[in-house]
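Undergrad: Have a look at this one.
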2 protein chains.
Amino acid sequence: MKKSIVIALALMLSLGLSGLANAADGKVYRWKLAETWGPNFPIFGEATKNMAKMVKEMSDGRFIIRIDSSNKHKSPLGIFDFVKTGRYQMGHSASYYWKGKNFNTLFFTTVPFGMTAPEQYAWFYYGGGMELMAKVYGQYGILSFPGGNTGNQMGGWFKKEINSVDDLKGLKMRIPGFAGEVLARLGAKPTNIPSGELYTALERNTIDALEWVGPSLDLRMGFHKIAQYYYTGWHEPGAELQFMVNEKAYNKLPKDLQKILTVAMKTAAYDMYAQSYHESGQNLATLAQDYPNVKIRSFPEPVMNAIKATNASLLKEFAAKDPMTAEILKSLSDYQTKVRAWTNLSDRAYLETSDKK
Amino acid sequence: MKKSIVIALALMLSLGLSGLANAADGKVYRWKLAETWGPNFPIFGEATKNMAKMVKEMSDGRFIIRIDSSNKHKSPLGIFDFVKTGRYQMGHSASYYWKGKNFNTLFFTTVPFGMTAPEQYAWFYYGGGMELMAKVYGQYGILSFPGGNTGNQMGGWFKKEINSVDDLKGLKMRIPGFAGEVLARLGAKPTNIPSGELYTALERNTIDALEWVGPSLDLRMGFHKIAQYYYTGWHEPGAELQFMVNEKAYNKLPKDLQKILTVAMKTAAYDMYAQSYHESGQNLATLAQDYPNVKIRSFPEPVMNAIKATNASLLKEFAAKDPMTAEILKSLSDYQTKVRAWTNLSDRAYLETSDKK
């Protein structure tokens with residue numbers, strides 16, 4: 001046997017063994033993820049670290065994802081473009097931030113009066129949600145995945161009590177997205193203000209009210225020290241963050257690493273929902289104990305009815321403009337009707353019969 | 001260069017490549033999982049298939065888990081012993097089936113008047129639940145993990161309406177576990193009957209009532225054809241199934257496969273909760289459409305109060321008998337107090353203000 005043949009055979013054997021073992025090409029894949037959040041951002045930032053750690057450990061170090069927070073890439077709302085152009089292979093953000101690029105991205109985060117987190121996960125994974133999201137993002141060469149749920153968000157911190165629809169008129173409130181447009185129709189003055197400036201804006205009466213997330217993240221912002229009324233939510237009943245992946249980069253991964261990545265993203269998203277639930281419970285208890293003056297309220301029925309009706313007519317207007325919007329809204333609405341009947345019969349009936357207020 | 005040296009070098013290269021790639025020893029790990037369920041059992045059986053598929057794909061075929069349903073191993077309630085002795089490396093079942101071996105296993109499935117699924121996941125992963133479960137199972141050389149949540153279970157199918165505590169007296173009902181002991185104290189006659197015999201038992205009045213799961217799995221059992229009243233739940237507000245792993249077998253796995261296994265189990269469990277939610281919504285709609293005569297009820301307040309008080313005093317008795325029981329019940333109760341305040345403020349307030357019945 002000639003040396004060259006021996007070497008060729010040995011190389012084939014080598015490739016064959018690797019192939020049997022894990023189709024590994026021996027290559028270490030190094031990716032970068034850009035996230036909207038600042039460094040050490042709680043819960044949201046922990047979701048990306050959790051995901052990257054799972055990927056590293058499950059791949060035994062063959063797949064390393066470096067996380068760049070907004071202090072590094074300087075563009076918290078540039079994540080979509082980073083991933084689209086491939087400057088970053090991955091991003092972590094929220095789909096509704098891209099409504100200026102494509103209005104239909106909005107519906108994959110949450111909708112006012114929409115589904116709770118468990119209802120929405122059922123829709124994403126078993127009710128056609130993932131397929132619709134792929135349709136919207138596919139045209140940009142982006143793969144989009146659920147990236148962690150905040151749970152039901154609170155309606156916000158208000159300096160004055162809201163007793164009627166009239167109290168909304170002229171109300172300066174930080175509330176971004178679709179909910180802001182709804183309140184604007186009712187006479188409020190919605191604005192968006194970066195998170196770092198929120199406390200001062202509320203303290204100096206630049207705004208009269210604001211919504212942020214809920215006890216899980218609000219407590220550290222200190223709003224309870226300068227606003228007395230904390231309202232229950234209607235506008236983000238189960239806000240889901242988002243992992244984005246550049247499709248070309250994804251296609252270059254070996255199949256096992258593709259699977260490791262998708263499972264790690266899915267698990268990190270579910271985990272974030274559980275962690276948000278946990279932190280909300282803990283922080284709410286702290287709030288109640290240390291700040292007994294905070295008054296928890298729900299909007300009176302006429303106010304809720306006005307907001308709900310305005311929201312419904314706004315959604316109808318948007319559905320009339322674009323067939324894709326109509327398709328997504330029909331899927332959401334049909335699904336919610338069925339799944340909500342179950343929520344009312346199960347968790348809601350259970351809470352109402354076993355845990356009297 | 002001699003041929004033998006060339007071959008040796010090539011082999012080293014081959015091993016080196018595999019080593020670099022994923023610390024793989026080139027070995028394919030083949031495990032067997034025994035599950036309580038029969039073949040093609042919906043939802044529960046899909047959770048094990050989902051888990052095994054993720055493991056296979058993420059490990060690129062280096063870790064294969066064969067699933068044996070009860071028709072194969074013939075011992076639906078033998079899973080604990082199978083895993084303890086190592087006859088099977090893994091099992092899928094429900095922790096409360098082992099209360100005869102160790103009473104404390106009961107509390108890792110669900111507790112009457114306990115937490116809903118999202119509350120309970122927060123407790124498992126962020127509130128100390130996993131640590132307590134490890135303490136209970138560690139003494140048997142078993143690792144125990146959440147294995148999928150059914151969601152809130154229905155209170156069951158009844159041939160007659162329950163209007164007072166007196167109506168429970170003498171009631172022959174299939175209701176296993178802790179809930180059965182609660183009802184027994186109130187004068188009912190709880191029994192356990194294998195699932196295959198349930199329909200006939202109810203049809204022939206051997207029993208007057210039964211609980212199974214909820215719309216997700218009840219519809220195919222046909223109970224709605226022979227019992228008119230479908231009651232909302234109290235006894236299993238978020239029943240979590242269980243993956244068990246033989247600790248010695250786990251320790252023999254390479255670190256990357258250990259991680260792949262634990263992440264796959266966690267994801268399959270979360271996925272099952274989403275799937276249960278989905279199927280419940282779909283099947284409830286079918287039930288309402290095809291069987292409009294089914295009457296949905298909640299137990300009247302005095303009945304619920306009697307059941308709740310009896311449950312609380314029973315739990316107290318058990319806590320007094322065993323320090324570990326007391327420790328688990330304290331953890332569950334303290335956690336539930338905090339997390340329930342959040343549930344009431346978030347999802348419950350949202351449903352009550354935005355989705356009037």
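We label chains A, B, ... in the order they appear in the structure tokens, count residues from 1 in each chain, and number ligands from 1 in the order shown.
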Excluding Tyr335 (chain A) and any residue of its chain fewer than 2 positions from it, enumerate the residues within 9 Å of it, using only C-alpha atoms, and give them as a PyMOL selection string.
TA: (chain A and resi 119+123+127+330-333+337-340) or (chain B and resi 281-282)
Undergrad: For the residues in that selection, give me C-alpha atoms as a CSV table (one decimal), in the first residue's frame.
TA:
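File written: selection-v2.csv
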```
chain,number,residue,atom,x,y,z
A,119,GLU,CA,-52.5,31.1,26.1
A,123,TRP,CA,-50.9,29.7,20.1
A,127,GLY,CA,-52.0,27.2,17.1
A,330,LYS,CA,-58.0,36.5,12.6
A,331,SER,CA,-55.7,33.8,13.8
A,332,LEU,CA,-55.2,35.6,17.1
A,333,SER,CA,-58.8,36.4,17.6
A,337,THR,CA,-61.9,32.8,21.8
A,338,LYS,CA,-61.3,29.1,22.2
A,339,VAL,CA,-58.4,29.2,24.6
A,340,ARG,CA,-60.0,31.9,26.8
B,281,GLY,CA,-59.2,24.9,24.3
B,282,GLN,CA,-59.8,22.9,21.2
```
Undergrad: Please run DSSP on the backbone and report, as JSON, numbers by chain, all residues within region 91-187 of chain B that come out as strand (DSSP E or B).
TA: {"B": [91, 92, 93, 142, 143, 144, 145, 146, 147, 148, 149, 156, 157, 158, 172, 173, 174]}
Undergrad: Skipping near chain neighbours, those fewer than 2 positions away, what residues fall within 8 Å of Pro302 (chain A) using only C-alpha atoms, listed as a PDB file with N, CA and C atoms, in the first residue's frame?
TA:
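Dumped everything to out.pdb:
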```
ATOM      1  N   SER A 164     -62.783  58.414  35.449  1.00  0.00           N
ATOM      2  CA  SER A 164     -63.681  58.447  34.283  1.00  0.00           C
ATOM      3  C   SER A 164     -62.842  58.605  33.022  1.00  0.00           C
ATOM      4  N   VAL A 165     -63.494  58.421  31.873  1.00  0.00           N
ATOM      5  CA  VAL A 165     -62.799  58.585  30.593  1.00  0.00           C
ATOM      6  C   VAL A 165     -62.257  60.015  30.483  1.00  0.00           C
ATOM      7  N   PRO A 300     -62.023  51.881  36.278  1.00  0.00           N
ATOM      8  CA  PRO A 300     -63.456  51.612  36.412  1.00  0.00           C
ATOM      9  C   PRO A 300     -64.019  51.046  35.113  1.00  0.00           C
ATOM     10  N   MET A 304     -62.566  51.046  31.173  1.00  0.00           N
ATOM     11  CA  MET A 304     -62.108  49.831  30.492  1.00  0.00           C
ATOM     12  C   MET A 304     -62.912  49.595  29.216  1.00  0.00           C
ATOM     13  N   ASN A 305     -64.219  49.803  29.287  1.00  0.00           N
ATOM     14  CA  ASN A 305     -65.054  49.591  28.100  1.00  0.00           C
ATOM     15  C   ASN A 305     -64.674  50.540  26.963  1.00  0.00           C
ATOM     16  N   ALA A 306     -64.387  51.791  27.302  1.00  0.00           N
ATOM     17  CA  ALA A 306     -64.001  52.770  26.280  1.00  0.00           C
ATOM     18  C   ALA A 306     -62.665  52.386  25.643  1.00  0.00           C
TER      19      ALA A 306
END
```
Undergrad: Would you pick out the contacts of Val28 (chain A) at 8 Å or less, using only C-alpha atoms, so that residues sharing its chain but fewer than 6 positions from it are not included, and give the list as a ChimeraX atom specification?
TA: /A:61-64 /B:21
Undergrad: How would the residues just chosen look if you wrote them out with C-alpha atoms as an mmCIF file, in the first residue's frame?
TA:
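Generated output (again13.cif):
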```cif
data_model
loop_
_atom_site.group_PDB
_atom_site.id
_atom_site.type_symbol
_atom_site.label_atom_id
_atom_site.label_comp_id
_atom_site.auth_asym_id
_atom_site.auth_seq_id
_atom_site.Cartn_x
_atom_site.Cartn_y
_atom_site.Cartn_z
ATOM 1 C CA GLY A 61 -17.690 24.226 23.709
ATOM 2 C CA ARG A 62 -18.167 23.831 19.939
ATOM 3 C CA PHE A 63 -20.625 26.728 19.816
ATOM 4 C CA ILE A 64 -19.812 29.939 21.687
ATOM 5 C CA ALA B 21 -15.166 18.460 18.592
#
```
Undergrad: Which residues are near region 244-252 of chain A? Cut-off 7 Å, only C-alpha atoms, ignore same chain within fewer than 6 positions. Put them as a ChimeraX atom specification.
TA: /A:83-84,86,89-92,141-145,258
Undergrad: Please report the interatomic distance between CA of Ile328 (chain A) and CA of Gly114 (chain A) in Å with one decimal.
TA: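 CA of Ile328 (chain A) sits 12.6 Å away from CA of Gly114 (chain A).
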Undergrad: Could you tell me how far CA of Ala34 (chain B) sits from CA of Met221 (chain B), in Å to one decimal place?
TA: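 It comes out at 23.8 Å.
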Undergrad: Hey, what does DSSP flag as alpha helix (DSSP H) within region 108-246 of chain B? Can you give it to me as a VMD selection string?
TA: chain B and resid 117 to 126 129 to 138 177 to 185 198 to 203 215 to 218
Undergrad: Using only C-alpha atoms, which of B:Asp334, B:Asp322, B:Glu46, B:Asp60 sits nearest Lys27 (chain B)?
TA: B:Asp60
Undergrad: Report the distance between CA of Glu240 (chain B) and CA of Ser69 (chain B) in Å, rounded to one decimal place.
TA: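 Pair CA of Glu240 (chain B) / CA of Ser69 (chain B) returns 19.1 Å.
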Undergrad: Name all residues at most 9 Å from Ser216 (chain A) (count only C-alpha atoms; drop same-chain ones fewer than 6 positions away) and give them as a ChimeraX atom specification.
TA: /A:43,150,275-284
Undergrad: I'd like the neighbourhood of Ala209 (chain A) as JSON, numbers by chain, where a residue qualifies if any of its atoms comes within 8 Å (using only C-alpha atoms), though same-chain residues fewer than 6 positions away should be ignored.
TA: {"A": [156, 157, 158, 159, 171, 172, 173, 174, 202, 227]}
Undergrad: Kindly indicate which residue among A:Thr232, A:Ser93, A:Thr36, A:Thr262 lies nearest to Ser70 (chain A), using only C-alpha atoms for the distances.
TA: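 Result for the nearest residue to Ser70 (chain A): A:Thr36.
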